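Novice: Next up, model_33.txt (compact mmCIF, C-alpha atoms).
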# COMPACT_ATOMS: atom_id res chain seq x y z
CA MET A 1 -45.36 -56.18 -41.46
CA LYS A 2 -45.39 -54.93 -45.04
CA PHE A 3 -44.93 -56.93 -48.23
CA LEU A 4 -43.17 -56.33 -51.53
CA ALA A 5 -43.25 -58.27 -54.78
CA ILE A 6 -39.84 -58.18 -56.46
CA THR A 7 -38.49 -59.17 -59.87
CA LEU A 8 -34.97 -59.27 -61.28
CA ILE A 9 -36.53 -59.69 -64.76
CA THR A 10 -34.71 -62.96 -65.33
CA ASN A 11 -35.15 -64.25 -68.87
CA ALA A 12 -33.39 -67.59 -69.10
CA PRO A 13 -34.44 -70.41 -71.44
CA ASP A 14 -37.09 -72.75 -70.06
CA PRO A 15 -35.13 -75.81 -68.83
CA ALA A 16 -37.73 -78.18 -70.30
CA THR A 17 -38.41 -76.57 -73.70
CA GLY A 18 -35.33 -74.41 -74.28
CA ARG A 19 -37.64 -71.53 -75.23
CA THR A 20 -36.77 -67.99 -74.15
CA THR A 21 -39.60 -65.51 -73.74
CA PRO A 22 -39.38 -62.65 -76.27
CA THR A 23 -38.09 -59.49 -74.59
CA ARG A 24 -41.22 -57.42 -75.24
CA GLU A 25 -43.41 -60.18 -73.81
CA ARG A 26 -41.18 -60.51 -70.76
CA PHE A 27 -41.48 -56.80 -69.98
CA ARG A 28 -45.24 -57.10 -70.40
CA GLU A 29 -45.23 -59.88 -67.81
CA VAL A 30 -43.38 -57.61 -65.37
CA VAL A 31 -45.92 -54.82 -65.81
CA ASP A 32 -48.78 -57.28 -65.38
CA SER A 33 -47.13 -58.57 -62.18
CA ALA A 34 -47.01 -55.03 -60.81
CA LEU A 35 -50.66 -54.42 -61.63
CA LEU A 36 -51.57 -57.70 -59.94
CA ALA A 37 -49.51 -56.77 -56.88
CA GLU A 38 -51.43 -53.52 -56.49
CA GLN A 39 -54.76 -55.24 -57.10
CA LEU A 40 -54.05 -57.86 -54.42
CA GLY A 41 -52.88 -55.35 -51.84
CA PHE A 42 -49.08 -55.60 -51.82
CA ASP A 43 -47.40 -52.55 -50.35
CA GLY A 44 -44.63 -52.27 -52.92
CA PHE A 45 -43.14 -53.60 -56.14
CA GLY A 46 -39.40 -53.86 -56.74
CA VAL A 47 -37.29 -54.14 -59.90
CA GLY A 48 -33.68 -55.30 -59.67
CA GLU A 49 -30.71 -53.99 -61.62
CA ARG A 50 -28.36 -56.32 -63.47
CA HIS A 51 -26.32 -55.70 -66.60
CA GLU A 52 -25.69 -59.23 -67.85
CA ARG A 53 -27.43 -62.41 -68.96
CA PRO A 54 -29.95 -63.79 -68.17
CA PHE A 55 -31.41 -60.50 -66.83
CA LEU A 56 -33.33 -57.74 -68.62
CA SER A 57 -33.24 -55.38 -65.64
CA SER A 58 -30.58 -52.95 -66.85
CA SER A 59 -32.88 -49.90 -66.57
CA PRO A 60 -35.06 -49.93 -63.42
CA PRO A 61 -35.98 -46.21 -63.66
CA VAL A 62 -37.58 -46.76 -67.06
CA VAL A 63 -39.50 -49.88 -65.99
CA LEU A 64 -40.65 -48.29 -62.72
CA SER A 65 -41.71 -45.09 -64.50
CA HIS A 66 -43.99 -47.12 -66.75
CA ILE A 67 -45.41 -48.95 -63.73
CA ALA A 68 -45.86 -45.62 -61.92
CA ALA A 69 -48.07 -44.39 -64.75
CA LEU A 70 -50.34 -47.44 -64.44
CA THR A 71 -50.64 -47.67 -60.64
CA ARG A 72 -51.81 -45.39 -57.86
CA THR A 73 -50.94 -46.82 -54.45
CA LEU A 74 -48.06 -49.24 -55.02
CA ARG A 75 -44.72 -48.06 -53.65
CA LEU A 76 -41.90 -48.48 -56.16
CA TYR A 77 -38.56 -50.05 -55.23
CA THR A 78 -35.22 -50.79 -56.80
CA ALA A 79 -33.75 -54.13 -55.78
CA VAL A 80 -30.97 -53.18 -55.94
CA THR A 81 -29.63 -49.98 -57.52
CA THR A 82 -25.99 -50.78 -58.25
CA LEU A 83 -24.40 -47.48 -57.27
CA SER A 84 -20.91 -48.97 -57.60
CA LEU A 85 -21.47 -49.04 -61.38
CA LEU A 86 -23.32 -45.76 -61.81
CA ASP A 87 -22.54 -42.07 -61.95
CA PRO A 88 -24.32 -40.85 -58.78
CA VAL A 89 -25.24 -37.55 -60.43
CA ARG A 90 -26.98 -39.29 -63.33
CA ALA A 91 -28.59 -41.78 -60.98
CA TYR A 92 -29.96 -38.92 -58.88
CA GLU A 93 -31.44 -37.24 -61.97
CA ASP A 94 -33.21 -40.46 -63.01
CA TYR A 95 -34.63 -41.23 -59.60
CA ALA A 96 -35.59 -37.67 -58.67
CA THR A 97 -37.55 -37.55 -61.93
CA LEU A 98 -39.22 -40.86 -61.06
CA ASP A 99 -39.96 -39.53 -57.57
CA HIS A 100 -42.02 -36.73 -59.15
CA LEU A 101 -43.70 -38.94 -61.76
CA SER A 102 -44.79 -41.41 -59.07
CA ASP A 103 -46.09 -38.73 -56.69
CA GLY A 104 -43.49 -39.64 -54.09
CA ARG A 105 -43.94 -43.42 -54.10
CA LEU A 106 -40.26 -44.21 -54.70
CA GLU A 107 -37.87 -46.00 -52.34
CA LEU A 108 -34.42 -47.29 -53.24
CA ILE A 109 -32.52 -50.37 -52.18
CA ILE A 110 -28.88 -49.83 -53.09
CA GLY A 111 -25.92 -52.21 -53.24
CA LYS A 112 -22.61 -52.85 -54.94
CA GLY A 113 -24.15 -55.46 -57.26
CA ASN A 114 -22.96 -58.90 -58.33
CA GLY A 115 -21.65 -60.47 -61.50
CA THR A 116 -18.33 -60.49 -63.36
CA ALA A 117 -19.77 -59.49 -66.75
CA GLN A 118 -21.36 -56.30 -65.49
CA ARG A 119 -18.20 -55.29 -63.63
CA GLU A 120 -16.26 -55.72 -66.88
CA LEU A 121 -18.91 -53.79 -68.81
CA PHE A 122 -18.45 -50.78 -66.54
CA GLN A 123 -14.71 -51.36 -65.97
CA VAL A 124 -15.11 -51.74 -62.22
CA SER A 125 -12.78 -54.07 -60.35
CA THR A 126 -13.59 -56.27 -57.39
CA GLU A 127 -10.95 -54.34 -55.44
CA ASP A 128 -12.60 -50.92 -55.78
CA GLN A 129 -16.27 -51.94 -55.97
CA TRP A 130 -17.00 -51.34 -52.29
CA GLU A 131 -15.16 -48.02 -52.36
CA ARG A 132 -17.14 -46.93 -55.42
CA ASN A 133 -20.39 -47.97 -53.74
CA ALA A 134 -19.68 -45.95 -50.60
CA GLU A 135 -18.39 -42.91 -52.47
CA SER A 136 -21.31 -42.90 -54.90
CA TYR A 137 -23.81 -43.23 -52.08
CA GLU A 138 -22.28 -40.40 -50.07
CA LEU A 139 -22.41 -38.06 -53.08
CA PHE A 140 -25.87 -39.32 -54.07
CA ARG A 141 -27.06 -38.63 -50.52
CA ARG A 142 -25.68 -35.10 -50.54
CA ILE A 143 -27.33 -34.25 -53.85
CA TRP A 144 -30.75 -35.21 -52.44
CA ARG A 145 -30.22 -32.83 -49.51
CA GLU A 146 -28.19 -29.87 -50.83
CA GLU A 147 -29.21 -27.27 -53.42
CA LYS A 148 -25.63 -26.99 -54.67
CA VAL A 149 -22.84 -29.50 -54.17
CA THR A 150 -19.08 -29.11 -54.21
CA ALA A 151 -17.13 -32.38 -54.05
CA THR A 152 -13.96 -34.01 -55.33
CA PRO A 153 -14.74 -37.74 -55.61
CA ARG A 154 -12.16 -40.25 -56.86
CA HIS A 155 -14.34 -42.05 -59.37
CA ARG A 156 -16.10 -39.24 -61.24
CA PRO A 157 -15.26 -35.61 -62.18
CA ALA A 158 -15.31 -32.99 -59.43
CA LEU A 159 -18.38 -30.86 -58.74
CA THR A 160 -18.19 -27.15 -58.00
CA ALA A 161 -21.37 -25.55 -56.67
CA ALA A 162 -23.23 -27.97 -58.94
CA GLU A 163 -27.02 -27.67 -59.09
CA VAL A 164 -28.60 -31.00 -60.03
CA LEU A 165 -32.22 -31.01 -61.21
CA PRO A 166 -34.99 -31.77 -60.60
CA ARG A 167 -34.99 -31.14 -56.90
CA PRO A 168 -36.81 -33.79 -54.85
CA LEU A 169 -40.58 -33.76 -54.62
CA ARG A 170 -40.79 -33.73 -50.82
CA GLY A 171 -37.21 -34.28 -49.71
CA PRO A 172 -34.88 -37.30 -49.82
CA VAL A 173 -36.40 -40.68 -50.65
CA ARG A 174 -35.87 -43.52 -48.20
CA VAL A 175 -32.77 -45.52 -49.11
CA TRP A 176 -32.29 -49.10 -47.92
CA HIS A 177 -28.93 -50.86 -48.10
CA GLY A 178 -29.04 -54.32 -49.63
CA SER A 179 -26.88 -56.82 -47.80
CA ALA A 180 -25.93 -60.35 -48.80
CA THR A 181 -22.79 -61.61 -47.07
CA SER A 182 -20.48 -58.62 -46.58
CA ARG A 183 -20.20 -56.19 -43.70
CA GLU A 184 -19.38 -53.15 -45.86
CA SER A 185 -22.98 -52.43 -46.84
CA VAL A 186 -24.12 -53.10 -43.27
CA GLU A 187 -21.61 -50.57 -41.91
CA LEU A 188 -22.68 -47.96 -44.48
CA ALA A 189 -26.34 -48.38 -43.53
CA ALA A 190 -25.63 -48.15 -39.81
CA ARG A 191 -23.37 -45.12 -40.19
CA TYR A 192 -26.04 -43.06 -41.93
CA GLY A 193 -29.02 -44.39 -39.97
CA ASP A 194 -30.56 -46.07 -43.00
CA PRO A 195 -32.65 -49.26 -43.07
CA LEU A 196 -31.11 -52.60 -44.04
CA PHE A 197 -32.55 -55.13 -46.49
CA SER A 198 -31.10 -58.62 -46.03
CA ALA A 199 -30.97 -60.78 -49.16
CA ASN A 200 -31.76 -63.89 -47.10
CA VAL A 201 -32.16 -66.15 -50.14
CA THR A 202 -29.05 -68.23 -50.85
CA HIS A 203 -28.10 -69.75 -47.49
CA PRO A 204 -29.73 -70.83 -44.23
CA VAL A 205 -30.59 -67.98 -41.88
CA GLU A 206 -27.41 -67.99 -39.75
CA PRO A 207 -25.08 -65.74 -41.83
CA TYR A 208 -27.89 -63.26 -42.45
CA ALA A 209 -28.81 -63.17 -38.78
CA GLU A 210 -25.17 -62.51 -37.92
CA LEU A 211 -25.06 -59.52 -40.29
CA VAL A 212 -28.29 -58.13 -38.85
CA ARG A 213 -26.84 -58.42 -35.35
CA TYR A 214 -23.76 -56.56 -36.57
CA TYR A 215 -25.99 -53.88 -38.13
CA ARG A 216 -27.79 -53.30 -34.86
CA GLU A 217 -24.48 -53.13 -32.98
CA ARG A 218 -23.03 -50.61 -35.43
CA TRP A 219 -26.30 -48.67 -35.47
CA ALA A 220 -26.01 -48.12 -31.71
CA HIS A 221 -22.28 -47.41 -32.03
CA HIS A 222 -23.04 -44.53 -34.40
CA GLY A 223 -25.44 -43.03 -31.87
CA HIS A 224 -28.80 -43.96 -33.39
CA ASP A 225 -31.82 -44.95 -31.32
CA PRO A 226 -31.94 -48.80 -31.36
CA ALA A 227 -35.74 -48.66 -31.56
CA LEU A 228 -35.53 -46.94 -34.96
CA ALA A 229 -33.46 -49.60 -36.77
CA VAL A 230 -35.53 -51.09 -39.60
CA VAL A 231 -34.78 -54.39 -41.37
CA GLY A 232 -36.32 -56.01 -44.43
CA ALA A 233 -35.65 -59.54 -45.70
CA GLY A 234 -36.08 -61.60 -48.82
CA THR A 235 -37.44 -65.10 -49.35
CA ALA A 236 -35.97 -67.87 -51.46
CA GLY A 237 -39.36 -68.88 -52.83
CA TYR A 238 -43.05 -68.88 -52.06
CA TYR A 239 -46.00 -71.13 -52.67
CA ALA A 240 -48.93 -71.62 -50.33
CA ALA A 241 -51.83 -74.05 -50.71
CA ARG A 242 -54.48 -75.49 -48.43
CA THR A 243 -52.24 -78.36 -47.35
CA SER A 244 -48.50 -78.76 -47.00
CA GLN A 245 -48.37 -81.71 -49.38
CA GLU A 246 -50.28 -79.85 -52.07
CA ALA A 247 -47.89 -76.91 -51.78
CA VAL A 248 -44.75 -79.06 -51.94
CA ASN A 249 -46.00 -81.06 -54.92
CA ALA A 250 -46.93 -77.90 -56.83
CA PHE A 251 -43.57 -76.28 -56.15
CA ARG A 252 -41.50 -79.32 -57.20
CA PRO A 253 -41.18 -78.37 -60.92
CA ALA A 254 -39.96 -74.91 -59.92
CA PHE A 255 -37.34 -76.44 -57.65
CA GLN A 256 -36.19 -78.79 -60.38
CA GLY A 257 -35.75 -75.74 -62.61
CA TYR A 258 -33.66 -74.12 -59.88
CA LEU A 259 -31.41 -77.21 -59.72
CA ALA A 260 -31.04 -77.23 -63.50
CA ALA A 261 -30.02 -73.57 -63.50
CA GLN A 262 -27.45 -74.24 -60.77
CA ARG A 263 -25.98 -77.13 -62.78
CA GLN A 264 -25.71 -74.93 -65.88
CA LEU A 265 -23.73 -72.41 -63.85
CA GLY A 266 -21.51 -75.15 -62.41
CA VAL A 267 -22.66 -74.27 -58.89
CA GLU A 268 -23.25 -76.84 -56.15
CA PRO A 269 -26.75 -76.23 -54.75
CA VAL A 270 -26.84 -75.18 -51.10
CA PHE A 271 -30.12 -77.08 -50.72
CA PRO A 272 -29.84 -80.28 -52.81
CA THR A 273 -33.40 -81.55 -52.27
CA LEU A 274 -36.80 -79.90 -52.17
CA GLU A 275 -37.35 -81.17 -48.66
CA ASP A 276 -34.10 -79.56 -47.53
CA PHE A 277 -35.03 -76.37 -49.35
CA VAL A 278 -38.40 -76.22 -47.59
CA GLU A 279 -36.86 -76.95 -44.19
CA ARG A 280 -33.64 -74.91 -44.13
CA SER A 281 -34.01 -72.08 -46.65
CA SER A 282 -36.11 -68.94 -46.27
CA ALA A 283 -38.62 -70.31 -48.80
CA LEU A 284 -42.23 -70.12 -47.64
CA ILE A 285 -43.82 -73.31 -48.94
CA GLY A 286 -46.74 -74.94 -47.18
CA SER A 287 -50.16 -74.22 -45.75
CA PRO A 288 -51.05 -70.66 -44.67
CA GLN A 289 -50.42 -71.54 -41.02
CA GLN A 290 -47.02 -73.07 -41.85
CA VAL A 291 -46.03 -69.94 -43.77
CA ILE A 292 -47.07 -67.71 -40.87
CA GLU A 293 -45.09 -69.82 -38.40
CA LYS A 294 -41.97 -69.77 -40.58
CA VAL A 295 -42.09 -66.00 -41.02
CA HIS A 296 -42.28 -65.71 -37.23
CA ARG A 297 -39.26 -68.02 -36.85
CA TYR A 298 -37.25 -65.84 -39.19
CA HIS A 299 -38.52 -62.69 -37.52
CA ASP A 300 -37.19 -64.05 -34.22
CA ARG A 301 -33.72 -64.17 -35.83
CA LEU A 302 -33.81 -61.06 -38.04
CA GLY A 303 -36.38 -58.75 -36.48
CA HIS A 304 -37.52 -57.79 -39.97
CA THR A 305 -40.76 -55.91 -40.58
CA VAL A 306 -40.73 -55.87 -44.40
CA LEU A 307 -40.74 -59.06 -46.48
CA HIS A 308 -40.41 -59.64 -50.19
CA LEU A 309 -41.89 -62.40 -52.35
CA GLN A 310 -41.04 -63.21 -55.94
CA ALA A 311 -43.27 -61.33 -58.36
CA ASP A 312 -42.66 -63.78 -61.24
CA ALA A 313 -44.70 -66.92 -61.80
CA GLY A 314 -41.75 -68.75 -63.33
CA LEU A 315 -42.23 -72.51 -63.60
CA LEU A 316 -45.19 -72.42 -61.22
CA GLY A 317 -47.34 -71.11 -64.03
CA ALA A 318 -49.43 -67.94 -63.96
CA GLU A 319 -52.64 -69.54 -62.66
CA ARG A 320 -51.02 -71.27 -59.68
CA HIS A 321 -48.87 -68.25 -58.89
CA ARG A 322 -51.87 -65.94 -58.80
CA ALA A 323 -53.90 -68.33 -56.65
CA SER A 324 -51.01 -68.57 -54.20
CA LEU A 325 -50.61 -64.77 -54.01
CA GLU A 326 -54.36 -64.42 -53.46
CA LEU A 327 -54.12 -66.90 -50.60
CA PHE A 328 -51.19 -64.95 -49.17
CA GLN A 329 -53.14 -61.70 -49.13
CA SER A 330 -56.38 -63.21 -47.85
CA GLU A 331 -55.10 -65.49 -45.07
CA ILE A 332 -51.40 -64.89 -44.41
CA ALA A 333 -50.72 -61.16 -44.78
CA PRO A 334 -53.53 -60.00 -42.45
CA VAL A 335 -52.17 -62.14 -39.60
CA LEU A 336 -48.58 -60.99 -40.11
CA ARG A 337 -49.61 -57.34 -40.44
CA ARG A 338 -51.38 -57.62 -37.10
CA GLU A 339 -48.71 -59.61 -35.27
CA ILE A 340 -45.54 -57.90 -36.60
CA PRO A 341 -45.95 -54.10 -36.68
CA ASP A 342 -43.90 -52.03 -39.11
CA PRO A 343 -42.82 -48.38 -38.99
CA ALA A 344 -44.60 -46.08 -41.43
CA PHE A 345 -43.23 -46.32 -44.96
CA GLY A 346 -42.93 -42.56 -45.24
CA ASP A 347 -40.31 -42.25 -42.50
CA VAL A 348 -36.88 -41.30 -43.86
Using structure tokens, write down the structure from this file.

Specialist:
Amino acid sequence: MKFLAITLITNAPDPATGRTTPTRERFREVVDSALLAEQLGFDGFGVGERHERPFLSSSPPVVLSHIAALTRTLRLYTAVTTLSLLDPVRAYEDYATLDHLSDGRLELIIGKGNGTAQRELFQVSTEDQWERNAESYELFRRIWREEKVTATPRHRPALTAAEVLPRPLRGPVRVWHGSATSRESVELAARYGDPLFSANVTHPVEPYAELVRYYRERWAHHGHDPALAVVGAGTAGYYAARTSQEAVNAFRPAFQGYLAAQRQLGVEPVFPTLEDFVERSSALIGSPQQVIEKVHRYHDRLGHTVLHLQADAGLLGAERHRASLELFQSEIAPVLRREIPDPAFGDV
């Protein structure tokens, strides 16, 4: 199993103090999180893409390029690239450039994206969002593989023997398809033989497991070798300590912040208590052995071989967050790497 640290660069006011971190300081925190991830031995670092409050993640290529300049081994991810909102030609140019600057350490997780404000910003409707995502991906995919492209898409101007530069460093990057609750992204991944990354954060495991089952069915339907299907999955939260009680007590302020954020949005929490959150969500909260056992339980349902943890300290505080990540890499990750093998990251 391999492990990613991921941030959406959320920058909401602290529920206790009302203070919002200055933007420059928040970006500095993200860069520091990436440096820590490499230092501790994480395999990759991901930056989301959102174009609305309370996120500052509107430009993943810029953030990841800065991180690429400061790191050497860390693979760089988008989580997710919202192709439904982007011109696929321009997106290719950005990410092919980043592919070169990072010496080939780039991988993409793509998706249609969420949020009403960002759809309005880019004048994309809910009705055509999936169509835009699929069309943009198909053109994006061709540009990675063809020296010159001729195409007549619906949602951007036609291309006639278009040469798009720079050409890839070593060929196409690996593209994952981010999936939350809809089958469209799952079908697109299966059709093209691409890996799937299940969000796995908002609900209990059942709906995510159902989509992964559907992915594997469609993967076989499209003629791909079932042994080559690759799945990644997210986690709703993480905090490990020497004992379960210590972990739960330390995580409680973070969970209270989560409830406060849900109330501000007028959303009914799926997991109304911390105990329910620990038991039924994908959150990994407990002793190292408890975390290992829970990852195995989820692996039994999802068959995932890549796992992401939150890169941000949030309300846990930097010191506790770092100590918990150190414990993950020293006592949890080695066991999971040994017990759940993962295909090589370089396979496309």

Novice: Using all atoms listed in the file, can you tell me which of A:Leu64, A:Ile110, A:Leu211, A:Leu8 comes closest to Tyr137 of chain A?

Specialist: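 Ranked by minimum distance to Tyr137 of chain A, first place goes to A:Ile110.
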
Novice: In terms of the shortest atom-to-atom distance over only C-alpha atoms, which of A:Gly223, A:Pro22, A:Gly48, A:Gly104 is closest to Gln310 of chain A?

Specialist: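 Between A:Gly223, A:Pro22, A:Gly48, A:Gly104, the residue approaching Gln310 of chain A most closely is A:Gly48.
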
Novice: Once you count all atoms listed in the file, what closest atom pair and distance in Å to one decimal does each residue of segment 129-158 of chain A within 6 Å of segment 72-89 of chain A have, with rows by chain and rising residue number, as a Markdown table?

Specialist:
| residue | atom | partner | partner_atom | distance |
| --- | --- | --- | --- | --- |
| A:Gln129 | CA | A:Ser84 | CA | 5.7 |
| A:Arg132 | CA | A:Ser84 | CA | 4.8 |
| A:Asn133 | CA | A:Ser84 | CA | 4.0 |
| A:Ser136 | CA | A:Pro88 | CA | 5.3 |
| A:Phe140 | CA | A:Pro88 | CA | 5.2 |

Novice: Applying 9 Å and all atoms listed in the file, which residues near segment 317-333 of chain A remain after dropping the ones on its own chain fewer than 6 positions away? List them as a list in words.

Specialist: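 Result of the neighbour search: Met1, Lys2, Phe3, Leu36, Ala37, Leu40, Gly41, Phe42, Tyr238, Tyr239, Ala240, Ala241, Arg242, Ala250, Pro288, Gln289, Val291, Ile292 and Ala311 of chain A.
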
Novice: I want to know what sits within 12 Å of Leu188 of chain A, based on all atoms listed in the file, with residues of the same chain fewer than 2 positions away left out; could you give that as number ranges by chain?

Specialist: A: 110-112, 130-131, 133-138, 141, 175-179, 182-186, 190-196, 214-215, 218-219, 222

Novice: Can you pull out the residues contacting Thr17 of chain A? Cut-off 12 Å, using all atoms listed in the file, and skip same-chain residues under 4 positions away; I want them as number ranges by chain.

Specialist: A: 12-13, 21, 257, 315

Novice: What does the distance between atom CA of Val267 of chain A and atom CA of Phe255 of chain A come to in Å, to one decimal place?

Specialist: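 Between atom CA of Val267 of chain A and atom CA of Phe255 of chain A the gap is 14.9 Å.
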
Novice: So, with all atoms listed in the file as the atoms that count, which of A:Phe27, A:Tyr92, A:Phe197, A:Tyr208 lies closest to Tyr298 of chain A?

Specialist: A:Tyr208
